[in-house]
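Student: coords_1.txt (compact mmCIF, C-alpha atoms) pasted underneath:
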```
# COMPACT_ATOMS: atom_id res chain seq x y z
CA MET A 1 -11.50 37.46 61.81
CA LYS A 2 -10.70 36.89 58.15
CA ARG A 3 -7.56 39.00 58.56
CA LEU A 4 -6.42 36.94 61.52
CA THR A 5 -6.93 33.70 59.55
CA THR A 6 -4.83 35.07 56.72
CA LEU A 7 -2.05 36.01 59.10
CA ILE A 8 -2.05 32.58 60.70
CA THR A 9 -1.92 30.90 57.28
CA LEU A 10 0.95 33.16 56.27
CA ALA A 11 2.77 32.36 59.49
CA ALA A 12 2.29 28.63 58.90
CA LEU A 13 3.73 28.87 55.39
CA VAL A 14 6.69 30.82 56.69
CA ALA A 15 7.18 28.27 59.44
CA VAL A 16 7.25 25.37 56.94
CA SER A 17 9.77 27.21 54.78
CA GLY A 18 11.76 28.02 57.90
CA CYS A 19 11.84 24.34 58.89
CA ASN A 20 13.33 23.39 55.51
CA VAL A 21 15.93 26.09 55.85
CA MET A 22 16.66 25.08 59.42
CA ALA A 23 17.08 21.44 58.38
CA MET A 24 19.72 22.51 55.90
CA ARG A 25 21.36 24.68 58.52
CA GLU A 26 21.29 21.76 60.99
CA ASP A 27 23.44 19.67 58.62
CA ALA A 28 25.81 22.58 58.16
CA LEU A 29 26.08 23.15 61.92
CA ARG A 30 26.76 19.46 62.56
CA GLU A 31 29.68 19.60 60.16
CA LYS A 32 30.84 22.82 61.74
CA ALA A 33 30.73 21.24 65.20
CA ARG A 34 32.82 18.33 63.94
CA GLU A 35 35.38 20.60 62.37
CA SER A 36 35.59 22.63 65.55
CA ALA A 37 36.10 19.47 67.64
CA ASP A 38 38.76 18.19 65.23
CA LYS A 39 40.77 21.33 65.81
CA LYS A 40 40.76 20.61 69.54
CA ARG A 41 41.98 17.04 69.27
CA THR A 42 44.90 15.30 67.62
CA GLY A 43 44.64 12.40 65.22
CA PRO A 44 45.20 11.41 61.59
CA GLN A 45 42.96 12.92 58.95
CA SER A 46 41.07 10.29 57.01
CA PRO A 47 40.53 9.98 53.27
CA ILE A 48 38.38 6.84 53.73
CA VAL A 49 35.05 6.49 55.52
CA ARG A 50 33.59 3.18 56.66
CA ASN A 51 30.00 3.10 57.89
CA ILE A 52 29.39 0.54 60.65
CA THR A 53 26.93 -0.24 63.39
CA ASN A 54 29.30 -2.48 65.37
CA PHE A 55 32.43 -4.60 65.01
CA SER A 56 30.81 -8.06 64.96
CA SER A 57 32.26 -8.95 61.55
CA ALA A 58 35.71 -7.74 62.64
CA LEU A 59 35.52 -9.93 65.77
CA ARG A 60 34.67 -12.97 63.63
CA CYS A 61 37.55 -12.08 61.32
CA MET A 62 39.95 -12.02 64.28
CA ASP A 63 38.65 -15.42 65.39
CA GLU A 64 39.65 -16.83 61.98
CA LYS A 65 42.99 -15.00 61.98
CA MET A 66 44.03 -16.34 65.38
CA MET A 67 43.07 -19.84 64.27
CA MET A 68 45.18 -19.37 61.12
CA TYR A 69 48.21 -18.31 63.18
CA GLY A 70 47.82 -21.10 65.72
CA ILE A 71 46.88 -18.97 68.75
CA ARG A 72 45.13 -21.08 71.39
CA ASP A 73 44.49 -21.26 75.15
CA LEU A 74 46.18 -17.98 76.08
CA VAL A 75 45.09 -17.38 79.69
CA VAL A 76 44.27 -13.74 80.49
CA ILE A 77 42.64 -12.09 83.50
CA THR A 78 40.67 -8.86 83.34
CA GLU A 79 39.95 -6.24 85.95
CA ASP A 80 36.94 -3.97 86.06
CA ILE A 81 37.00 -1.21 83.49
CA GLU A 82 36.21 1.82 85.60
CA ASP A 83 34.68 5.07 84.48
CA LYS A 84 37.27 7.57 85.63
CA THR A 85 35.14 10.43 84.26
CA ARG A 86 32.12 9.46 86.39
CA LYS A 87 29.90 10.50 83.49
CA VAL A 88 29.47 7.25 81.54
CA SER A 89 27.35 4.70 83.32
CA VAL A 90 27.78 1.50 81.29
CA GLY A 91 28.80 -2.11 81.96
CA ALA A 92 32.20 -1.77 80.28
CA LYS A 93 33.64 -4.99 81.73
CA ASP A 94 30.64 -7.00 80.56
CA MET A 95 31.03 -5.47 77.09
CA LEU A 96 34.67 -6.59 77.12
CA ILE A 97 33.73 -10.13 78.12
CA SER A 98 31.11 -10.31 75.35
CA ALA A 99 33.58 -9.05 72.74
CA ILE A 100 36.26 -11.62 73.70
CA SER A 101 33.66 -14.37 73.73
CA GLN A 102 32.61 -13.48 70.17
CA MET A 103 36.23 -13.30 69.06
CA THR A 104 37.21 -16.79 70.27
CA GLN A 105 34.28 -19.04 69.35
CA ARG A 106 36.17 -21.15 66.81
CA SER A 107 39.80 -20.54 67.66
CA GLN A 108 39.50 -20.94 71.45
CA ALA A 109 42.47 -18.57 71.44
CA ILE A 110 41.77 -16.74 74.72
CA ARG A 111 40.77 -18.20 78.07
CA LEU A 112 39.49 -15.18 79.96
CA ILE A 113 39.23 -14.99 83.74
CA ALA A 114 36.90 -12.25 84.99
CA TYR A 115 37.89 -11.42 88.54
CA GLY A 116 37.76 -8.58 91.07
CA THR A 117 36.90 -4.91 91.15
CA ASP A 118 40.31 -3.21 91.11
CA SER A 119 43.99 -3.89 90.51
CA ALA A 120 44.52 -5.10 94.08
CA ASN A 121 42.35 -8.10 93.28
CA LEU A 122 44.85 -9.37 90.73
CA ILE A 123 47.50 -9.60 93.44
CA ASN A 124 44.97 -11.27 95.75
CA PHE A 125 44.05 -13.73 92.99
CA MET A 126 47.65 -14.77 92.39
CA THR A 127 48.27 -15.11 96.14
CA GLN A 128 45.21 -17.32 96.64
CA ARG A 129 46.16 -19.47 93.70
CA GLU A 130 49.64 -20.15 95.09
CA GLU A 131 48.58 -20.66 98.70
CA LYS A 132 45.25 -22.46 98.38
CA GLY A 133 45.25 -23.93 94.90
CA LEU A 134 41.76 -22.55 94.31
CA PHE A 135 42.32 -21.82 90.62
CA GLN A 136 43.53 -24.25 87.98
CA LEU A 137 44.38 -21.67 85.32
CA ASN A 138 47.42 -19.47 85.69
CA PRO A 139 46.93 -16.19 83.80
CA VAL A 140 50.00 -14.99 81.97
CA TYR A 141 48.59 -11.56 81.15
CA GLY A 142 46.11 -9.15 82.66
CA ILE A 143 43.98 -6.40 81.12
CA ARG A 144 43.61 -3.10 82.89
CA GLY A 145 42.26 0.26 81.84
CA SER A 146 39.37 2.66 82.08
CA ILE A 147 37.02 5.01 80.33
CA SER A 148 39.57 7.77 80.63
CA GLN A 149 37.98 10.71 78.85
CA TYR A 150 34.57 12.25 78.31
CA ASP A 151 34.61 15.84 77.14
CA GLU A 152 30.94 16.69 76.96
CA SER A 153 30.00 19.39 74.45
CA LEU A 154 33.59 19.87 73.39
CA SER A 155 32.19 22.26 70.82
CA ARG A 156 28.71 23.68 70.32
CA GLU A 157 27.19 25.55 67.40
CA GLY A 158 23.71 27.02 67.03
CA GLU A 159 21.61 29.30 64.89
CA GLY A 160 18.05 30.56 65.12
CA GLY A 161 15.67 33.28 64.13
CA GLY A 162 12.04 34.31 63.79
CA PHE A 163 9.60 37.16 63.36
CA PHE A 164 6.50 38.49 65.05
CA TRP A 165 3.90 40.81 63.66
CA ARG A 166 1.44 42.64 65.90
CA GLY A 167 -1.59 44.56 64.71
CA SER A 168 -3.90 46.78 66.66
CA SER A 169 -5.85 43.87 68.06
CA SER A 170 -3.99 40.72 67.04
CA GLY A 171 -0.57 39.34 66.13
CA ALA A 172 1.24 36.34 64.68
CA GLY A 173 4.80 35.09 64.40
CA ALA A 174 7.09 32.16 63.65
CA GLY A 175 10.58 31.11 64.65
CA ALA A 176 13.03 28.21 64.51
CA SER A 177 16.47 27.24 65.73
CA VAL A 178 19.00 24.50 65.19
CA ASN A 179 22.03 23.43 67.18
CA ALA A 180 24.81 20.88 67.06
CA SER A 181 27.37 19.77 69.62
CA ALA A 182 30.30 17.36 69.65
CA SER A 183 31.54 15.33 72.64
CA MET A 184 34.67 13.17 72.97
CA LEU A 185 34.70 9.74 74.67
CA GLY A 186 38.03 7.98 75.22
CA LEU A 187 39.01 4.44 76.29
CA ASP A 188 42.49 3.25 77.31
CA LEU A 189 43.33 -0.44 77.80
CA THR A 190 46.75 -1.97 78.45
CA MET A 191 48.12 -5.49 78.77
CA MET A 192 50.43 -6.35 81.67
CA ARG A 193 52.38 -9.42 82.75
CA THR A 194 50.98 -11.09 85.85
CA ALA A 195 54.41 -12.42 86.87
CA ASP A 196 55.76 -8.99 87.81
CA MET A 197 52.84 -6.61 87.09
CA SER A 198 54.89 -4.90 84.36
CA ILE A 199 53.32 -3.42 81.25
CA VAL A 200 53.85 -5.29 77.97
CA PRO A 201 55.50 -2.66 75.73
CA GLY A 202 53.47 -1.71 72.69
CA VAL A 203 50.43 -3.80 73.68
CA SER A 204 47.87 -1.12 74.41
CA SER A 205 44.79 0.45 72.87
CA SER A 206 43.99 4.13 73.12
CA ASN A 207 41.07 5.29 71.01
CA ALA A 208 38.44 8.03 71.18
CA VAL A 209 35.06 8.43 69.57
CA LEU A 210 33.57 11.77 68.53
CA ILE A 211 29.84 11.88 69.28
CA THR A 212 27.89 14.54 67.38
CA ARG A 213 24.35 15.53 68.37
CA SER A 214 22.17 17.87 66.36
CA GLY A 215 18.70 19.36 66.51
CA SER A 216 16.82 18.31 69.57
CA GLY A 217 19.05 15.30 70.15
CA ALA A 218 17.19 12.92 67.84
CA SER A 219 20.13 12.78 65.45
CA ILE A 220 23.33 11.28 66.90
CA GLU A 221 26.44 10.21 65.02
CA ALA A 222 29.73 8.77 66.25
CA GLU A 223 33.13 8.56 64.62
CA ILE A 224 36.34 6.65 65.46
CA LYS A 225 39.63 7.36 63.67
CA LYS A 226 42.19 4.58 63.12
CA PHE A 227 44.82 3.79 60.47
CA GLY A 228 43.84 6.87 58.48
CA MET A 229 40.23 5.68 58.33
CA ASN A 230 36.98 6.96 59.78
CA TYR A 231 34.59 4.42 61.34
CA GLU A 232 31.21 6.14 61.43
CA MET A 233 28.06 5.08 63.29
CA ASN A 234 24.52 6.42 63.31
CA LEU A 235 23.13 6.08 66.82
CA SER A 236 19.62 6.44 68.18
CA GLN A 237 18.73 8.63 71.12
CA SER A 238 18.48 5.55 73.35
CA GLU A 239 21.92 4.24 72.29
CA GLY A 240 24.05 7.37 72.45
CA VAL A 241 27.12 7.02 74.66
CA ALA A 242 26.47 3.36 75.56
CA GLN A 243 26.68 2.08 71.97
CA ALA A 244 29.67 4.32 71.25
CA THR A 245 31.41 2.77 74.27
CA ARG A 246 30.64 -0.75 73.04
CA ASN A 247 32.17 0.03 69.67
CA LEU A 248 35.27 1.44 71.36
CA ILE A 249 35.63 -1.72 73.46
CA ASP A 250 35.14 -4.03 70.45
CA MET A 251 37.87 -2.18 68.57
CA ALA A 252 40.14 -2.20 71.64
CA VAL A 253 39.77 -5.99 72.07
CA ILE A 254 40.72 -6.57 68.42
CA GLU A 255 43.70 -4.23 68.66
CA LEU A 256 44.92 -5.41 72.07
CA PHE A 257 44.98 -9.15 71.29
CA GLY A 258 46.23 -8.56 67.76
CA LYS A 259 49.28 -6.79 69.17
CA LEU A 260 49.79 -9.34 71.94
CA THR A 261 49.67 -12.40 69.67
CA LYS A 262 51.33 -10.74 66.63
CA THR A 263 48.19 -11.40 64.58
CA PRO A 264 47.54 -8.94 61.69
CA TYR A 265 44.42 -7.40 63.22
CA TRP A 266 44.41 -4.40 60.87
CA SER A 267 43.05 -6.51 58.01
CA CYS A 268 39.93 -7.18 60.11
CA LEU A 269 39.44 -3.43 60.58
CA GLY A 270 39.77 -2.67 56.88
CA GLY A 271 43.26 -1.23 57.20
CA SER A 272 45.63 -1.30 54.24
CA ALA A 273 49.03 -2.99 54.49
CA ASP A 274 50.45 0.05 52.70
CA SER A 275 49.34 2.42 55.48
CA PRO A 276 52.34 4.11 57.18
CA GLY A 277 50.90 3.29 60.60
CA ILE A 278 50.58 -0.41 59.77
CA LYS A 279 54.05 -0.58 58.21
CA SER A 280 55.45 0.95 61.39
CA GLU A 281 53.55 -1.63 63.47
CA ILE A 282 55.04 -4.50 61.44
CA ASP A 283 58.55 -3.06 61.81
CA ASN A 284 58.11 -2.83 65.58
CA TRP A 285 56.90 -6.42 65.81
CA TYR A 286 59.85 -7.67 63.77
CA TYR A 287 62.47 -5.96 65.92
CA ILE A 288 60.76 -7.07 69.14
CA LEU A 289 60.90 -10.69 67.95
CA PHE A 290 64.40 -10.38 66.48
CA ALA A 291 65.77 -9.00 69.76
CA ASP A 292 65.28 -12.46 71.32
CA LYS A 293 66.98 -14.81 68.84
CA GLU A 294 65.72 -18.02 70.43
CA ASN A 295 62.13 -16.76 70.52
CA PHE A 296 62.53 -15.48 66.96
CA VAL A 297 63.61 -18.88 65.63
CA ALA A 298 60.91 -20.63 67.68
CA TYR A 299 58.29 -18.33 66.13
CA TRP A 300 59.26 -19.45 62.63
CA GLN A 301 59.56 -23.10 63.65
CA ASN A 302 56.00 -22.98 64.99
CA GLN A 303 54.66 -21.16 61.93
CA MET A 304 56.32 -23.63 59.53
CA ARG A 305 54.88 -26.52 61.56
CA LEU A 306 51.43 -24.97 61.10
CA ARG A 307 52.09 -24.87 57.34
CA LYS A 308 53.11 -28.58 57.45
CA LEU A 309 56.65 -27.86 56.25
CA TYR A 310 58.57 -28.50 59.49
CA ASN A 311 58.40 -31.63 61.66
CA LYS A 312 61.11 -31.11 64.25
CA PRO A 313 60.68 -29.74 67.81
CA VAL A 314 60.01 -26.03 68.38
CA ASN A 315 63.15 -25.37 70.44
CA GLY A 316 64.53 -22.08 69.13
CA VAL A 317 67.55 -23.77 67.53
CA PRO A 318 67.93 -23.23 63.77
CA ASP A 319 68.46 -26.29 61.57
CA ASP A 320 68.55 -27.36 57.91
CA GLU A 321 64.90 -28.43 57.88
CA LEU A 322 63.78 -24.96 59.00
CA ALA A 323 65.96 -23.36 56.32
CA LYS A 324 64.41 -25.64 53.70
CA ALA A 325 60.87 -24.82 54.90
CA VAL A 326 61.52 -21.07 54.90
CA GLU A 327 63.02 -21.24 51.40
CA ILE A 328 59.94 -23.04 50.07
CA TYR A 329 57.52 -20.66 51.78
CA ARG A 330 59.38 -17.61 50.52
CA GLU A 331 59.02 -19.01 46.99
CA ALA A 332 55.30 -19.63 47.57
CA LEU A 333 54.91 -16.01 48.73
CA GLY A 334 56.57 -14.79 45.54
CA LEU A 335 59.75 -13.62 47.30
CA GLU A 336 63.39 -14.24 46.46
CA LYS A 337 64.25 -17.92 46.86
CA ASN A 338 66.49 -18.14 49.93
CA ALA A 339 66.27 -19.02 53.63
CA LYS A 340 66.50 -15.49 55.05
CA LEU A 341 64.21 -14.65 57.98
CA ASP A 342 64.25 -10.98 57.08
CA GLN A 343 61.82 -8.11 57.48
CA GLN A 344 60.53 -8.54 53.93
CA LEU A 345 59.47 -12.12 54.70
CA PHE A 346 57.85 -11.09 57.99
CA ALA A 347 55.75 -8.35 56.35
CA ALA A 348 54.68 -10.62 53.48
CA TYR A 349 53.88 -13.42 55.94
CA LEU A 350 51.62 -11.23 58.07
CA ASN A 351 49.67 -9.98 55.08
CA ALA A 352 49.22 -13.36 53.34
CA ASN A 353 46.26 -15.71 53.13
CA HIS A 354 48.02 -18.82 54.41
CA TYR A 355 45.28 -21.22 53.41
CA LYS A 356 46.11 -20.43 49.78
CA VAL A 357 49.87 -19.98 50.17
CA MET A 358 50.22 -23.23 52.11
CA GLU A 359 48.68 -25.21 49.23
CA LYS A 360 51.22 -23.72 46.84
CA ALA A 361 54.06 -24.44 49.28
CA GLN A 362 52.96 -28.08 49.60
CA ARG A 363 53.01 -28.46 45.80
CA LEU A 364 56.51 -26.95 45.68
CA LEU A 365 57.67 -29.32 48.42
CA ALA A 366 56.24 -32.35 46.60
CA ALA A 367 57.78 -31.27 43.31
CA ARG A 368 61.18 -30.76 44.93
CA GLY A 369 61.05 -34.16 46.64
CA SER A 370 60.13 -35.89 43.38
CA ALA A 371 62.96 -34.15 41.50
CA GLN A 372 65.50 -35.12 44.17
CA ALA A 373 64.40 -38.77 44.14
CA GLN A 374 64.63 -38.93 40.35
CA ALA A 375 68.08 -37.32 40.37
CA GLN A 376 69.33 -39.86 42.94
CA THR A 377 68.05 -42.76 40.84
CA GLN A 378 69.59 -41.51 37.60
CA ALA A 379 72.92 -40.44 39.04
CA GLN A 380 74.28 -43.28 41.14
CA PRO A 381 77.78 -42.68 42.50
CA GLU A 382 80.53 -44.04 40.20
CA PRO A 383 82.30 -46.13 42.89
CA GLN A 384 79.05 -47.87 43.72
CA LEU A 385 78.45 -48.68 40.04
CA LYS A 386 81.99 -50.12 39.70
CA ASN A 387 81.49 -52.30 42.76
CA GLN A 388 78.25 -53.66 41.32
CA ILE A 389 80.00 -54.56 38.04
CA LYS A 390 82.86 -56.28 39.86
CA GLU A 391 80.47 -58.28 42.01
CA LYS A 392 78.52 -59.42 38.98
CA ALA A 393 81.73 -60.45 37.15
CA ARG A 394 82.90 -62.39 40.19
CA LYS A 395 79.65 -64.34 40.34
CA LEU A 396 79.87 -65.19 36.63
CA ILE A 397 83.43 -66.50 37.04
CA GLU A 398 82.41 -68.62 40.02
CA GLU A 399 79.47 -70.09 38.09
CA GLN A 400 81.74 -70.94 35.13
CA LYS A 401 84.26 -72.70 37.40
CA ALA A 402 81.45 -74.65 39.04
CA LYS A 403 80.24 -75.90 35.63
CA GLU A 404 83.74 -76.98 34.57
CA LYS A 405 84.23 -78.87 37.85
CA ARG A 406 80.96 -80.80 37.35
CA ALA A 407 81.93 -81.63 33.79
CA ASN A 408 85.25 -83.17 34.93
```
Taking this structure as input, can you express it in the form of structure tokens?
Tutor:
Amino acid sequence: MKRLTTLITLAALVAVSGCNVMAMREDALREKARESADKKRTGPQSPIVRNITNFSSALRCMDEKMMMYGIRDLVVITEDIEDKTRKVSVGAKDMLISAISQMTQRSQAIRLIAYGTDSANLINFMTQREEKGLFQLNPVYGIRGSISQYDESLSREGEGGGFFWRGSSSGAGAGASVNASASMLGLDLTMMRTADMSIVPGVSSSNAVLITRSGSGASIEAEIKKFGMNYEMNLSQSEGVAQATRNLIDMAVIELFGKLTKTPYWSCLGGSADSPGIKSEIDNWYYILFADKENFVAYWQNQMRLRKLYNKPVNGVPDDELAKAVEIYREALGLEKNAKLDQQLFAAYLNANHYKVMEKAQRLLAARGSAQAQAQTQAQPEPQLKNQIKEKARKLIEEQKAKEKRAN
């Protein structure tokens, strides 16, 4: 009996030591599973890691950004976001509605219409609106998309071991194992024009989250890659795929409406303006705007009105007041002092804090106006000065003649 007790104690000590070793191996296997999954997917490698639980702060940031850039009352309709994989049972459309609601509390930038169960309902909606007048809002854009990918256990790693000792009449043993697996969840959303059901070029969001499980499933982590950054989340067993989906949808809403409204959404996601991906995005936006000259001029007229530097109609026709406003704002941004609506101005404008820059621009405008008024006062035109002298001399002569006449 004493021998059996000793064996059991020994087995317990070995088991405790084994658990510590297995815990270390679990971490190693989780990393190995990630590396294995990374080899099977494409995407930028990330030197920066950002730990998050959700994108609530980024949604609030976008609310402020859209208010800063004057985005308001953009009417959009959304379809159901289906699970094409038939493996993710979540209320994706409701998550989308919640995200947009959070993102527009102050700005009132988006007026979202939630309607229907498939793309055919959008056509039905537009038909009913025209024929019956049932709906007062006319959506300009529509959101469509799906949970397009779920590769469960894309990679799996595991290790284990143990021992068993048997005597003539008794035995004892211990063993342990660890495992880690990585799954990939993808979401694709696109913006289309309701007028002709065409896709808006460049206005889409396609992101995937890597979900890593280890041990018995109690440890779950998720990771999204964007702009050369990693967005990492620690999820509980009860959250798992559902919370990962919510984070994907929050990010997609920020990206989708940022691209649609030409609002610098990357700053709300922690992206750097020096990132190659963001520079490419800015270049694309500039050439899209520049391709339509009238729309391009109207964009700057509207932006200069928001900065209180332009008071004429937003009609897409360039004028001297717009040139003056652009010149002042370029100076306030620290750029070369001219009226060029070039790519350099566009990039600096998108990455500026306009609440601060606008104050500086207003001071420059006031200083310029004061200098011009002073110059006009000090430098009267020579012909005008001569006329004033002549008029004064004439009046003096007339007064002298009148005195002489009274004296006679």
Student: Can you tell me, as a list in words, what residues are no more than 10 Å from Val88 of chain A when counting only C-alpha atoms, ignoring any on the same chain fewer than 6 positions away?
Tutor: Glu82, Ile147, Gln149, Tyr150, Leu185, Val241, Ala242 and Thr245 of chain A
Student: Using all atoms listed in the file, tabulate the residues of segment 223-315 of chain A lying at most 6 Å from any atom of segment 53-77 of chain A, each with its closest atom pair and that distance in Å to one decimal, by chain and increasing residue number, as a Markdown table.
Tutor:
```
| residue | atom | partner | partner_atom | distance |
| --- | --- | --- | --- | --- |
| A:Met233 | CA | A:Thr53 | CA | 5.4 |
| A:Asn247 | CA | A:Asn54 | CA | 5.7 |
| A:Cys268 | CA | A:Ala58 | CA | 5.0 |
```
Student: Using Å and a single decimal, report how far atom CA of Arg307 of chain A sits from atom CA of Glu359 of chain A.
Tutor: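 These two atoms are separated by 8.8 Å.
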Student: Have a look at A:Asn338, A:Val140, A:Ile211, A:Asn311 and name the one nearest to Ala323 of chain A; count all atoms listed in the file.
Tutor: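 That would be A:Asn338, the residue with the smallest distance to Ala323 of chain A.
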Student: Rank nothing, just name the residue among A:Leu322, A:Met192, A:Ile97, A:Leu345 nearest to Arg305 of chain A, using only C-alpha atoms.
Tutor: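 The shortest atom-to-atom distance to Arg305 of chain A comes from A:Leu322.
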Student: One decimal, Å: what's the distance from atom CA of Ala332 of chain A over to atom CA of Ala361 of chain A, could you say?
Tutor: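 So the two atoms, atom CA of Ala332 of chain A and atom CA of Ala361 of chain A, lie 5.3 Å apart.
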Student: Need the shell around Trp300 of chain A: protein/DNA/RNA residues with any atom at most 9 Å away, counting only C-alpha atoms. Skip same-chain ones fewer than 4 positions apart. Format as a VMD selection string?
Tutor: chain A and resid 295 to 296 304 to 305 314 316 322 326 341
Student: Figure out the distance between atom CA of Ser183 of chain A and atom CA of Leu154 of chain A, please, to one decimal in Å.
Tutor: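 Pair atom CA of Leu154 of chain A / atom CA of Ser183 of chain A returns 5.0 Å.
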Student: Nearest residue to Asp342 of chain A out of A:Ala208, A:Ala298, A:Leu289, A:Met191, using only C-alpha atoms?
Tutor: A:Leu289
Student: Tell me which protein, DNA and RNA residues are within 7 Å of Ala222 of chain A, counting all atoms listed in the file, leaving out same-chain ones fewer than 3 positions away, and put them as a PyMOL selection string.
Tutor: chain A and resi 209-212+232-234+244
Student: Give me the residues near Asn353 of chain A as a PyMOL selection string, where near means some atom within 10 Å (using all atoms listed in the file) and where sequence neighbours in that chain fewer than 4 positions away do not count.
Tutor: chain A and resi 65+68+333+348-349+357-358
Student: Might you pull out every residue within 9 Å of Asn207 of chain A, with only C-alpha atoms counted and same-chain residues fewer than 6 positions away left off, and present them as a PyMOL selection string?
Tutor: chain A and resi 185-188+224-226+248+251-252
Student: Residues around (30.4, -7.5, 72.4), cut-off 8 Å, counting all atoms listed in the file - what are they as a PyMOL selection string?
Tutor: chain A and resi 56+95-102+246+249-250
Student: Mind working out the centre and edge lengths of an axis-aligned box for segment 189-195 of chain A, all listed atoms inside, 3 Å added to each side, rounded to one decimal in Å and written as lines of an AutoDock Vina configuration file?
Tutor:
```
center_x = 48.9
center_y = -6.4
center_z = 82.3
size_x = 17.1
size_y = 18.0
size_z = 15.1
```
